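Raw contents of coords_12.cif, mmCIF, C-alpha atoms and all ligand atoms:
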```
data_run
loop_
_atom_site.group_PDB
_atom_site.id
_atom_site.type_symbol
_atom_site.label_atom_id
_atom_site.label_comp_id
_atom_site.auth_asym_id
_atom_site.auth_seq_id
_atom_site.Cartn_x
_atom_site.Cartn_y
_atom_site.Cartn_z
ATOM 1 C CA MET A 1 41.579 14.381 27.466
ATOM 2 C CA ALA A 2 40.281 10.858 27.628
ATOM 3 C CA THR A 3 42.638 8.016 26.913
ATOM 4 C CA ALA A 4 42.148 4.519 25.527
ATOM 5 C CA PRO A 5 44.591 2.042 24.010
ATOM 6 C CA ALA A 6 45.562 3.112 20.497
ATOM 7 C CA ALA A 7 44.770 -0.378 19.189
ATOM 8 C CA ASP A 8 41.225 -0.063 20.595
ATOM 9 C CA GLN A 9 40.863 3.280 18.847
ATOM 10 C CA ARG A 10 41.814 1.694 15.531
ATOM 11 C CA ARG A 11 39.441 -1.241 16.081
ATOM 12 C CA LEU A 12 36.715 1.358 16.508
ATOM 13 C CA LEU A 13 36.899 1.870 12.742
ATOM 14 C CA ASP A 14 35.887 -1.793 12.203
ATOM 15 C CA VAL A 15 32.976 -1.278 14.593
ATOM 16 C CA GLN A 16 32.089 1.871 12.660
ATOM 17 C CA ASP A 17 32.222 -0.007 9.384
ATOM 18 C CA ALA A 18 29.853 -2.705 10.714
ATOM 19 C CA ASP A 19 27.520 -0.050 12.145
ATOM 20 C CA LEU A 20 27.329 1.752 8.806
ATOM 21 C CA ARG A 21 26.594 -1.469 6.940
ATOM 22 C CA ALA A 22 23.850 -2.265 9.461
ATOM 23 C CA GLN A 23 22.445 1.239 9.020
ATOM 24 C CA GLN A 24 22.377 0.812 5.239
ATOM 25 C CA LEU A 25 20.666 -2.569 5.565
ATOM 26 C CA ARG A 26 18.020 -1.128 7.900
ATOM 27 C CA HIS A 27 17.476 1.729 5.467
ATOM 28 C CA ARG A 28 17.075 -0.758 2.608
ATOM 29 C CA ARG A 29 14.658 -2.750 4.754
ATOM 30 C CA GLU A 30 12.487 0.316 5.358
ATOM 31 C CA THR A 31 12.588 1.611 1.790
ATOM 32 C CA LEU A 32 11.979 -1.581 -0.169
ATOM 33 C CA PRO A 33 9.989 -0.627 -3.291
ATOM 34 C CA GLU A 34 7.532 -3.394 -2.394
ATOM 35 C CA HIS A 35 6.330 -1.329 0.611
ATOM 36 C CA ALA A 36 5.152 1.495 -1.665
ATOM 37 C CA GLN A 37 3.748 -0.941 -4.221
ATOM 38 C CA LEU A 38 1.722 -2.712 -1.537
ATOM 39 C CA GLU A 39 0.404 0.582 -0.220
ATOM 40 C CA GLU A 40 -0.738 1.550 -3.705
ATOM 41 C CA LEU A 41 -2.300 -1.861 -4.316
ATOM 42 C CA ALA A 42 -4.115 -1.719 -0.973
ATOM 43 C CA ALA A 43 -5.560 1.685 -1.895
ATOM 44 C CA ARG A 44 -6.747 0.335 -5.242
ATOM 45 C CA ALA A 45 -8.221 -2.745 -3.554
ATOM 46 C CA ALA A 46 -10.105 -0.480 -1.125
ATOM 47 C CA ASP A 47 -11.473 1.624 -4.017
ATOM 48 C CA LEU A 48 -12.567 -1.517 -5.849
ATOM 49 C CA HIS A 49 -14.215 -2.849 -2.725
ATOM 50 C CA GLU A 50 -16.255 0.345 -2.448
ATOM 51 C CA GLU A 51 -17.104 0.138 -6.132
ATOM 52 C CA ARG A 52 -18.269 -3.464 -5.745
ATOM 53 C CA VAL A 53 -20.418 -2.660 -2.717
ATOM 54 C CA ALA A 54 -22.053 0.237 -4.591
ATOM 55 C CA ARG A 55 -22.562 -1.796 -7.797
ATOM 56 C CA GLY A 56 -23.837 -4.758 -5.783
ATOM 57 C CA ALA A 57 -26.482 -2.540 -4.178
ATOM 58 C CA GLU A 58 -27.368 -1.116 -7.593
ATOM 59 C CA VAL A 59 -27.772 -4.623 -9.053
ATOM 60 C CA GLY A 60 -30.078 -5.519 -6.144
ATOM 61 C CA ASP A 61 -32.206 -2.404 -6.706
ATOM 62 C CA LEU A 62 -32.415 -3.033 -10.450
ATOM 63 C CA LYS A 63 -33.351 -6.699 -9.976
ATOM 64 C CA ARG A 64 -36.254 -5.564 -7.793
ATOM 65 C CA ALA A 65 -37.198 -2.953 -10.427
ATOM 66 C CA VAL A 66 -37.196 -5.630 -13.165
ATOM 67 C CA THR A 67 -39.368 -7.941 -11.053
ATOM 68 C CA LYS A 68 -41.801 -5.118 -10.347
ATOM 69 C CA ALA A 69 -41.974 -4.189 -14.057
ATOM 70 C CA GLU A 70 -42.589 -7.859 -14.947
ATOM 71 C CA ASP A 71 -45.372 -8.069 -12.360
ATOM 72 C CA ASP A 72 -46.951 -4.834 -13.671
ATOM 73 C CA VAL A 73 -46.882 -6.132 -17.248
ATOM 74 C CA GLN A 74 -48.308 -9.470 -16.116
ATOM 75 C CA SER A 75 -51.227 -7.919 -14.213
ATOM 76 C CA VAL A 76 -52.185 -5.726 -17.210
ATOM 77 C CA ARG A 77 -51.905 -8.777 -19.455
ATOM 78 C CA THR A 78 -54.150 -10.831 -17.139
ATOM 79 C CA ARG A 79 -56.739 -8.114 -17.064
ATOM 80 C CA ALA A 80 -56.642 -7.739 -20.881
ATOM 81 C CA GLU A 81 -57.071 -11.508 -21.284
ATOM 82 C CA ARG A 82 -60.060 -11.466 -18.990
ATOM 83 C CA ASP A 83 -61.604 -8.521 -20.901
ATOM 84 C CA SER A 84 -60.925 -10.240 -24.225
ATOM 85 C CA ALA A 85 -62.605 -13.407 -23.027
ATOM 86 C CA ARG A 86 -65.650 -11.465 -21.962
ATOM 87 C CA LEU A 87 -65.701 -9.538 -25.254
ATOM 88 C CA ASN A 88 -65.353 -12.743 -27.275
ATOM 89 C CA ALA A 89 -68.157 -14.346 -25.318
ATOM 90 C CA GLY A 90 -70.288 -11.425 -26.531
ATOM 91 C CA GLN A 91 -72.236 -11.287 -23.259
ATOM 92 C CA GLY A 92 -73.663 -7.990 -22.002
ATOM 93 C CA SER A 93 -75.190 -4.948 -23.657
ATOM 94 C CA ALA A 94 -73.674 -3.198 -26.657
ATOM 95 C CA LYS A 95 -72.680 -0.413 -24.295
ATOM 96 C CA ASP A 96 -70.880 -2.877 -21.998
ATOM 97 C CA LEU A 97 -69.058 -4.419 -24.949
ATOM 98 C CA GLN A 98 -68.116 -0.956 -26.189
ATOM 99 C CA ALA A 99 -66.695 -0.140 -22.742
ATOM 100 C CA LEU A 100 -64.693 -3.397 -22.747
ATOM 101 C CA GLN A 101 -63.352 -2.550 -26.194
ATOM 102 C CA SER A 102 -62.091 0.858 -25.070
ATOM 103 C CA GLU A 103 -60.636 -0.574 -21.870
ATOM 104 C CA LEU A 104 -58.717 -3.117 -23.958
ATOM 105 C CA GLU A 105 -57.281 -0.284 -26.032
ATOM 106 C CA VAL A 106 -56.197 1.542 -22.886
ATOM 107 C CA LEU A 107 -54.699 -1.694 -21.491
ATOM 108 C CA ALA A 108 -52.781 -2.326 -24.702
ATOM 109 C CA ARG A 109 -51.174 1.111 -24.494
ATOM 110 C CA ARG A 110 -50.502 0.613 -20.805
ATOM 111 C CA GLN A 111 -48.914 -2.783 -21.456
ATOM 112 C CA SER A 112 -46.676 -1.302 -24.155
ATOM 113 C CA ASP A 113 -45.554 1.496 -21.806
ATOM 114 C CA LEU A 114 -44.874 -0.997 -19.001
ATOM 115 C CA GLU A 115 -42.921 -3.242 -21.349
ATOM 116 C CA ASP A 116 -40.754 -0.244 -22.235
ATOM 117 C CA VAL A 117 -40.138 0.295 -18.511
ATOM 118 C CA GLU A 118 -39.296 -3.414 -18.137
ATOM 119 C CA ILE A 119 -36.850 -3.353 -21.078
ATOM 120 C CA GLU A 120 -35.154 -0.241 -19.755
ATOM 121 C CA ALA A 121 -34.798 -1.784 -16.281
ATOM 122 C CA MET A 122 -33.373 -4.976 -17.795
ATOM 123 C CA GLU A 123 -30.853 -2.984 -19.846
ATOM 124 C CA ARG A 124 -29.757 -0.999 -16.810
ATOM 125 C CA LEU A 125 -29.473 -4.255 -14.809
ATOM 126 C CA GLU A 126 -27.299 -5.760 -17.539
ATOM 127 C CA GLY A 127 -25.055 -2.688 -17.503
ATOM 128 C CA ALA A 128 -24.712 -2.715 -13.704
ATOM 129 C CA GLU A 129 -23.998 -6.464 -13.702
ATOM 130 C CA GLY A 130 -21.288 -5.872 -16.307
ATOM 131 C CA THR A 131 -19.695 -3.130 -14.216
ATOM 132 C CA LEU A 132 -19.868 -5.325 -11.104
ATOM 133 C CA ALA A 133 -18.279 -8.266 -12.948
ATOM 134 C CA SER A 134 -15.469 -6.051 -14.225
ATOM 135 C CA ALA A 135 -14.809 -4.615 -10.738
ATOM 136 C CA THR A 136 -14.754 -8.164 -9.342
ATOM 137 C CA GLU A 137 -12.303 -9.246 -12.028
ATOM 138 C CA GLN A 138 -10.038 -6.275 -11.267
ATOM 139 C CA ALA A 139 -10.249 -6.975 -7.524
ATOM 140 C CA ASP A 140 -9.215 -10.606 -8.125
ATOM 141 C CA ALA A 141 -6.283 -9.440 -10.247
ATOM 142 C CA ILE A 142 -5.190 -7.018 -7.485
ATOM 143 C CA THR A 143 -5.480 -9.773 -4.874
ATOM 144 C CA SER A 144 -3.076 -11.999 -6.790
ATOM 145 C CA GLN A 145 -0.787 -9.038 -7.511
ATOM 146 C CA ILE A 146 -0.697 -8.303 -3.762
ATOM 147 C CA ALA A 147 0.254 -11.911 -3.054
ATOM 148 C CA GLU A 148 3.091 -11.709 -5.603
ATOM 149 C CA VAL A 149 4.480 -8.443 -4.226
ATOM 150 C CA GLU A 150 4.190 -9.739 -0.642
ATOM 151 C CA ALA A 151 6.188 -12.820 -1.603
ATOM 152 C CA ALA A 152 8.869 -10.616 -3.214
ATOM 153 C CA ARG A 153 8.925 -8.348 -0.151
ATOM 154 C CA ASP A 154 9.240 -11.315 2.227
ATOM 155 C CA ALA A 155 12.097 -12.774 0.191
ATOM 156 C CA ALA A 156 13.927 -9.422 0.239
ATOM 157 C CA LEU A 157 13.333 -9.017 3.994
ATOM 158 C CA LYS A 158 14.625 -12.518 4.659
ATOM 159 C CA GLU A 159 17.819 -11.762 2.759
ATOM 160 C CA ILE A 160 18.313 -8.402 4.495
ATOM 161 C CA ASP A 161 17.671 -9.922 7.913
ATOM 162 C CA ALA A 162 20.242 -12.648 7.257
ATOM 163 C CA ASP A 163 22.766 -9.948 6.264
ATOM 164 C CA LEU A 164 21.855 -7.927 9.356
ATOM 165 C CA ALA A 165 22.434 -10.929 11.606
ATOM 166 C CA LYS A 166 25.856 -11.421 10.008
ATOM 167 C CA VAL A 167 26.782 -7.743 10.424
ATOM 168 C CA HIS A 168 25.513 -7.873 14.004
ATOM 169 C CA ASP A 169 27.908 -10.742 14.745
ATOM 170 C CA GLU A 170 30.762 -8.930 13.014
ATOM 171 C CA ARG A 171 30.050 -5.816 15.077
ATOM 172 C CA ALA A 172 30.039 -7.829 18.287
ATOM 173 C CA ALA A 173 33.359 -9.432 17.362
ATOM 174 C CA ALA A 174 34.889 -6.068 16.413
ATOM 175 C CA ALA A 175 33.683 -4.403 19.622
ATOM 176 C CA ASP A 176 34.635 -7.293 21.887
ATOM 177 C CA GLY A 177 37.142 -6.155 24.491
ATOM 178 C CA ILE A 178 37.341 -2.530 23.347
ATOM 179 C CA ASP A 179 37.769 -0.054 26.219
ATOM 180 C CA ALA A 180 34.233 0.424 27.589
ATOM 181 C CA ALA A 181 34.465 4.186 28.043
ATOM 182 C CA LEU A 182 35.772 4.599 24.483
ATOM 183 C CA LEU A 183 32.946 2.458 23.107
ATOM 184 C CA ALA A 184 30.380 4.430 25.126
ATOM 185 C CA LEU A 185 31.773 7.720 23.792
ATOM 186 C CA TYR A 186 31.715 6.337 20.258
ATOM 187 C CA ASP A 187 28.077 5.210 20.622
ATOM 188 C CA LYS A 188 27.063 8.596 21.988
ATOM 189 C CA LEU A 189 28.794 10.458 19.144
ATOM 190 C CA ARG A 190 27.393 8.044 16.571
ATOM 191 C CA GLU A 191 23.920 8.829 17.847
ATOM 192 C CA GLN A 192 24.570 12.587 17.579
ATOM 193 C CA HIS A 193 26.305 12.566 14.200
ATOM 194 C CA GLY A 194 24.099 10.613 11.816
ATOM 195 C CA GLY A 195 25.592 7.201 12.478
ATOM 196 C CA VAL A 196 29.282 8.136 12.316
ATOM 197 C CA GLY A 197 31.011 8.441 15.706
ATOM 198 C CA ALA A 198 34.608 7.701 14.745
ATOM 199 C CA ALA A 199 36.595 8.547 11.635
ATOM 200 C CA ALA A 200 40.103 8.096 10.381
ATOM 201 C CA LEU A 201 42.464 11.002 9.994
ATOM 202 C CA GLN A 202 43.778 10.856 6.444
ATOM 203 C CA GLY A 203 46.589 13.324 5.920
ATOM 204 C CA SER A 204 45.049 16.447 7.394
ATOM 205 C CA THR A 205 41.453 15.497 6.561
ATOM 206 C CA CYS A 206 38.858 14.064 8.946
ATOM 207 C CA LEU A 207 37.035 11.325 7.034
ATOM 208 C CA GLY A 208 34.006 11.922 9.233
ATOM 209 C CA CYS A 209 33.252 15.457 8.037
ATOM 210 C CA HIS A 210 35.784 15.681 5.189
ATOM 211 C CA MET A 211 37.084 18.974 6.519
ATOM 212 C CA THR A 212 40.777 19.799 6.484
ATOM 213 C CA LEU A 213 42.075 20.476 9.964
ATOM 214 C CA ASN A 214 43.969 23.693 10.517
ATOM 215 C CA ALA A 215 47.699 23.490 11.128
ATOM 216 C CA GLY A 216 47.437 24.263 14.833
ATOM 217 C CA ASP A 217 44.819 21.572 15.557
ATOM 218 C CA LEU A 218 46.675 19.100 13.378
ATOM 219 C CA ALA A 219 49.940 19.725 15.216
ATOM 220 C CA ALA A 220 48.208 19.253 18.599
ATOM 221 C CA ILE A 221 46.634 15.976 17.448
ATOM 222 C CA ARG A 222 49.932 14.669 16.104
ATOM 223 C CA ALA A 223 51.695 15.654 19.308
ATOM 224 C CA ALA A 224 49.158 13.872 21.518
ATOM 225 C CA GLY A 225 50.213 10.543 22.968
ATOM 226 C CA PRO A 226 49.041 7.446 21.032
ATOM 227 C CA ASP A 227 46.516 6.535 23.756
ATOM 228 C CA THR A 228 44.997 10.009 23.836
ATOM 229 C CA VAL A 229 41.516 9.955 22.334
ATOM 230 C CA THR A 230 41.649 12.838 19.867
ATOM 231 C CA ARG A 231 38.564 14.501 18.427
ATOM 232 C CA CYS A 232 37.981 16.385 15.214
ATOM 233 C CA GLU A 233 37.749 20.109 16.001
ATOM 234 C CA GLU A 234 35.272 20.551 13.164
ATOM 235 C CA CYS A 235 32.720 17.775 13.810
ATOM 236 C CA GLY A 236 33.601 16.488 17.254
ATOM 237 C CA ARG A 237 33.950 12.864 16.167
ATOM 238 C CA ILE A 238 36.670 10.601 17.516
ATOM 239 C CA LEU A 239 39.594 11.034 15.184
ATOM 240 C CA VAL A 240 41.520 7.804 14.740
ATOM 241 C CA ARG A 241 45.164 8.182 13.822
ATOM 242 C CA ASN A 242 47.192 5.561 11.979
ATOM 243 C CA ALA A 243 49.639 3.449 13.932
HETATM 244 ZN ZN ZN B 301 35.445 15.889 11.391
#
```
For this file, write the structure as C-alpha cells.
Amino acid sequence: MATAPAADQRRLLDVQDADLRAQQLRHRRETLPEHAQLEELAARAADLHEERVARGAEVGDLKRAVTKAEDDVQSVRTRAERDSARLNAGQGSAKDLQALQSELEVLARRQSDLEDVEIEAMERLEGAEGTLASATEQADAITSQIAEVEAARDAALKEIDADLAKVHDERAAAADGIDAALLALYDKLREQHGGVGAAALQGSTCLGCHMTLNAGDLAAIRAAGPDTVTRCEECGRILVRNA
C-alpha cells in the first residue's frame, strides 16, 4: 500500500473542499439562466429578421403595384380628357361623335375598375407597412432586451470568475507541499469519481460514497499505520482518517 504523511492526507480534504467549490462555480458559470435567455432572444431576433426581410420585400412589391395602378388610372384619365375635348369641340361626323361618346363610357368604367385596383393595392400596402413597422418595433425591443441580459450575464460571470480566482489560490495554498504521489493519486481518483477523490472516514462511513464499511475492512483500515494511504473498499477513493 502507498504511504504518505498522515498530515498530508488530512490536508487533502482542504484541497478537496476547494476543488468542489471550484466545480460548483464552474457549473454555475455554465448554467447561468442568462445563457438560455440569450439563446431564446437570439432565436426570436432571427425570426423577426426573417419577418422583416419578407415584409420589406412585400412593401416594395406593393409600392410598385400602387405606382402601376396610379399610372394606369392616369393614362385612362388622359385619354378620356382628350376624347371629351374632341366631343366638346363638336368636330367630326355624327358617327364619329357617337363613337367618342361610347368610348368615353367604356373609359369611365375602365377608370372606375382601375381605381378599385389602386385602392386595393394602397390598402394592402398600408397593411404590409403596418406589419413591417410592428416587426421593426419588436426587433428593437429584443435588441435592447439582449443588451440588458448580456450586461446581467457579464456581471454574474465577473463575480464567478473572481470567486474562482480566490478558490484557485486557496487550492494552491492547500496543496502546497503535499506529497506529490498522494496528490497525483488524488487527482486521478477525482477525475474518475465525479470530482471527489478523497473523503473522510466518519465512524464507519465513507463520506465519499456514504457507504458503511464492513467490519473486516474497517478493522484493517484502523490497524493500518497512520502514513498508510487507505482506500474505501466500496468506491476506491482515498479514505482520510482522523488524527
Ligand atoms: Zn467510499
Dump the neighbourhood of ligand ZN 301 (chain B) as a CSV table (one decimal) with C-alpha atoms, in the frame of the given file: all residues within 7 Å, distances computed on all atoms listed in the file.
```csv
chain,number,residue,atom,x,y,z
A,206,CYS,CA,38.9,14.1,8.9
A,207,LEU,CA,37.0,11.3,7.0
A,208,GLY,CA,34.0,11.9,9.2
A,209,CYS,CA,33.3,15.5,8.0
A,210,HIS,CA,35.8,15.7,5.2
A,211,MET,CA,37.1,19.0,6.5
A,232,CYS,CA,38.0,16.4,15.2
A,233,GLU,CA,37.7,20.1,16.0
A,234,GLU,CA,35.3,20.6,13.2
A,235,CYS,CA,32.7,17.8,13.8
A,236,GLY,CA,33.6,16.5,17.3
A,237,ARG,CA,34.0,12.9,16.2
```
Legend entry - Selection: 12 Å around A:Asp179, only C-alpha atoms, excl. self and same-chain fewer than 4 positions, as a PyMOL selection string: chain A and resi 2-12+174-175+183-186+227+229
Legend entry - Residues in the PyMOL selection byres (((chain A and resi 55) around 9) and not hetatm), expressed as a count of residues only: 15
Using only the atoms of stretch 37-45 of chain A listed in the file, plus 8 Å on each side, state the axis-aligned box centre and edge lengths in Å rounded to one decimal, as lines of an AutoDock Vina configuration file.
```
center_x = -2.2
center_y = -0.5
center_z = -2.7
size_x = 28.0
size_y = 20.4
size_z = 21.0
```
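Reported to one decimal place, the separation of atom CA of A:Leu104 from atom CA of A:Leu87 is 9.6 Å.
Distance annotation: of A:Met122, A:Ala198, A:Ala45, A:Leu164, the residue with the minimal separation from A:Ile238 is A:Ala198; atom set is only C-alpha atoms.
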Inset, instruction - Point out the residue among A:Glu81, A:Glu39, A:Glu120, A:Asp14 with the least atom-to-atom distance to A:Leu107, counting all atoms listed in the file. - result: A:Glu81
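Between atom CA of A:Leu182 and atom CA of A:Ala162 the separation is 28.9 Å.
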Inset, instruction - Considering all atoms listed in the file, return as a ChimeraX atom specification whatever protein or nucleic-acid residues lie within 12 Å of A:Ala220, sequence-local ones (same chain, fewer than 5 positions apart) excluded. - result: /A:204,213-215,225,228,230-233
Inset, instruction - Carefully work through the PyMOL selection byres (((chain A and resi 76) around 9) and not hetatm) for this structure and note down the residues it includes, as a list in words. - result: Asp71, Asp72, Val73, Gln74, Ser75, Arg77, Thr78, Arg79, Ala80, Glu81, Leu107, Ala108, Arg110, Gln111 and Leu114 of chain A
Could you please take those selected residues and save C-alpha atoms as a PDB file, in the coordinates of the input?
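Final file, again-v8.pdb:
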```pdb
ATOM      1  CA  ASP A  71     -45.372  -8.069 -12.360  1.00  0.00           C
ATOM      2  CA  ASP A  72     -46.951  -4.834 -13.671  1.00  0.00           C
ATOM      3  CA  VAL A  73     -46.882  -6.132 -17.248  1.00  0.00           C
ATOM      4  CA  GLN A  74     -48.308  -9.470 -16.116  1.00  0.00           C
ATOM      5  CA  SER A  75     -51.227  -7.919 -14.213  1.00  0.00           C
ATOM      6  CA  ARG A  77     -51.905  -8.777 -19.455  1.00  0.00           C
ATOM      7  CA  THR A  78     -54.150 -10.831 -17.139  1.00  0.00           C
ATOM      8  CA  ARG A  79     -56.739  -8.114 -17.064  1.00  0.00           C
ATOM      9  CA  ALA A  80     -56.642  -7.739 -20.881  1.00  0.00           C
ATOM     10  CA  GLU A  81     -57.071 -11.508 -21.284  1.00  0.00           C
ATOM     11  CA  LEU A 107     -54.699  -1.694 -21.491  1.00  0.00           C
ATOM     12  CA  ALA A 108     -52.781  -2.326 -24.702  1.00  0.00           C
ATOM     13  CA  ARG A 110     -50.502   0.613 -20.805  1.00  0.00           C
ATOM     14  CA  GLN A 111     -48.914  -2.783 -21.456  1.00  0.00           C
ATOM     15  CA  LEU A 114     -44.874  -0.997 -19.001  1.00  0.00           C
TER      16      LEU A 114
END
```
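Atom CA of A:Ala46 to atom CA of A:Ile142 spans 10.4 Å [interatomic distance, one decimal].
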Inset, instruction - Give as a PyMOL selection string every residue, naming chains and numbers as the document does, that has an atom within 12 Å of (16.9, -0.5, 1.2), counting all atoms listed in the file. - result: chain A and resi 21-35+153+156-157+159-161
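Proximity to A:Asn242 was assessed for A:Leu13, A:Ala147, A:Lys188, A:Ala133 counting only C-alpha atoms; the smallest distance is recorded for A:Leu13.
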Legend entry - Residue among A:Ile146, A:Leu218, A:Ala121, A:Ala152 lying closest to A:Lys68, counting all atoms listed in the file: A:Ala121
Using the incomplete input, complete stretch 91-113 of chain A to the level of N, CA and C atoms; output as a PDB file, in the coordinates of the input.
```pdb
ATOM      1  N   GLN A  91     -71.186 -11.463 -24.276  1.00  0.00           N
ATOM      2  CA  GLN A  91     -72.236 -11.287 -23.259  1.00  0.00           C
ATOM      3  C   GLN A  91     -72.309  -9.817 -22.844  1.00  0.00           C
ATOM      4  N   GLY A  92     -73.489  -9.367 -22.458  1.00  0.00           N
ATOM      5  CA  GLY A  92     -73.663  -7.990 -22.002  1.00  0.00           C
ATOM      6  C   GLY A  92     -74.234  -7.112 -23.101  1.00  0.00           C
ATOM      7  N   SER A  93     -74.584  -5.886 -22.707  1.00  0.00           N
ATOM      8  CA  SER A  93     -75.190  -4.948 -23.657  1.00  0.00           C
ATOM      9  C   SER A  93     -74.137  -4.413 -24.623  1.00  0.00           C
ATOM     10  N   ALA A  94     -74.589  -3.803 -25.683  1.00  0.00           N
ATOM     11  CA  ALA A  94     -73.674  -3.198 -26.657  1.00  0.00           C
ATOM     12  C   ALA A  94     -72.810  -2.149 -25.967  1.00  0.00           C
ATOM     13  N   LYS A  95     -73.416  -1.447 -25.023  1.00  0.00           N
ATOM     14  CA  LYS A  95     -72.680  -0.413 -24.295  1.00  0.00           C
ATOM     15  C   LYS A  95     -71.558  -1.026 -23.455  1.00  0.00           C
ATOM     16  N   ASP A  96     -71.894  -2.167 -22.800  1.00  0.00           N
ATOM     17  CA  ASP A  96     -70.880  -2.877 -21.998  1.00  0.00           C
ATOM     18  C   ASP A  96     -69.735  -3.333 -22.890  1.00  0.00           C
ATOM     19  N   LEU A  97     -70.083  -3.891 -24.042  1.00  0.00           N
ATOM     20  CA  LEU A  97     -69.058  -4.419 -24.949  1.00  0.00           C
ATOM     21  C   LEU A  97     -68.186  -3.274 -25.486  1.00  0.00           C
ATOM     22  N   GLN A  98     -68.851  -2.137 -25.721  1.00  0.00           N
ATOM     23  CA  GLN A  98     -68.116  -0.956 -26.189  1.00  0.00           C
ATOM     24  C   GLN A  98     -67.097  -0.510 -25.128  1.00  0.00           C
ATOM     25  N   ALA A  99     -67.570  -0.536 -23.861  1.00  0.00           N
ATOM     26  CA  ALA A  99     -66.695  -0.140 -22.742  1.00  0.00           C
ATOM     27  C   ALA A  99     -65.514  -1.092 -22.630  1.00  0.00           C
ATOM     28  N   LEU A 100     -65.769  -2.403 -22.793  1.00  0.00           N
ATOM     29  CA  LEU A 100     -64.693  -3.397 -22.747  1.00  0.00           C
ATOM     30  C   LEU A 100     -63.670  -3.140 -23.854  1.00  0.00           C
ATOM     31  N   GLN A 101     -64.222  -2.816 -25.035  1.00  0.00           N
ATOM     32  CA  GLN A 101     -63.352  -2.550 -26.194  1.00  0.00           C
ATOM     33  C   GLN A 101     -62.408  -1.379 -25.906  1.00  0.00           C
ATOM     34  N   SER A 102     -62.971  -0.293 -25.338  1.00  0.00           N
ATOM     35  CA  SER A 102     -62.091   0.858 -25.070  1.00  0.00           C
ATOM     36  C   SER A 102     -61.128   0.561 -23.934  1.00  0.00           C
ATOM     37  N   GLU A 103     -61.584  -0.229 -22.950  1.00  0.00           N
ATOM     38  CA  GLU A 103     -60.636  -0.574 -21.870  1.00  0.00           C
ATOM     39  C   GLU A 103     -59.468  -1.397 -22.419  1.00  0.00           C
ATOM     40  N   LEU A 104     -59.780  -2.301 -23.358  1.00  0.00           N
ATOM     41  CA  LEU A 104     -58.717  -3.117 -23.958  1.00  0.00           C
ATOM     42  C   LEU A 104     -57.697  -2.250 -24.687  1.00  0.00           C
ATOM     43  N   GLU A 105     -58.202  -1.194 -25.332  1.00  0.00           N
ATOM     44  CA  GLU A 105     -57.281  -0.284 -26.032  1.00  0.00           C
ATOM     45  C   GLU A 105     -56.361   0.429 -25.029  1.00  0.00           C
ATOM     46  N   VAL A 106     -56.981   0.891 -23.948  1.00  0.00           N
ATOM     47  CA  VAL A 106     -56.197   1.542 -22.886  1.00  0.00           C
ATOM     48  C   VAL A 106     -55.154   0.567 -22.322  1.00  0.00           C
ATOM     49  N   LEU A 107     -55.607  -0.686 -22.064  1.00  0.00           N
ATOM     50  CA  LEU A 107     -54.699  -1.694 -21.491  1.00  0.00           C
ATOM     51  C   LEU A 107     -53.541  -2.008 -22.435  1.00  0.00           C
ATOM     52  N   ALA A 108     -53.846  -2.027 -23.730  1.00  0.00           N
ATOM     53  CA  ALA A 108     -52.781  -2.326 -24.702  1.00  0.00           C
ATOM     54  C   ALA A 108     -51.704  -1.241 -24.657  1.00  0.00           C
ATOM     55  N   ARG A 109     -52.145   0.018 -24.570  1.00  0.00           N
ATOM     56  CA  ARG A 109     -51.174   1.111 -24.494  1.00  0.00           C
ATOM     57  C   ARG A 109     -50.369   1.026 -23.192  1.00  0.00           C
ATOM     58  N   ARG A 110     -51.139   0.725 -22.125  1.00  0.00           N
ATOM     59  CA  ARG A 110     -50.502   0.613 -20.805  1.00  0.00           C
ATOM     60  C   ARG A 110     -49.460  -0.511 -20.806  1.00  0.00           C
ATOM     61  N   GLN A 111     -49.839  -1.636 -21.404  1.00  0.00           N
ATOM     62  CA  GLN A 111     -48.914  -2.783 -21.456  1.00  0.00           C
ATOM     63  C   GLN A 111     -47.652  -2.407 -22.234  1.00  0.00           C
ATOM     64  N   SER A 112     -47.825  -1.711 -23.335  1.00  0.00           N
ATOM     65  CA  SER A 112     -46.676  -1.302 -24.155  1.00  0.00           C
ATOM     66  C   SER A 112     -45.750  -0.377 -23.365  1.00  0.00           C
ATOM     67  N   ASP A 113     -46.380   0.587 -22.637  1.00  0.00           N
ATOM     68  CA  ASP A 113     -45.554   1.496 -21.806  1.00  0.00           C
ATOM     69  C   ASP A 113     -44.793   0.708 -20.739  1.00  0.00           C
TER      70      ASP A 113
END
```
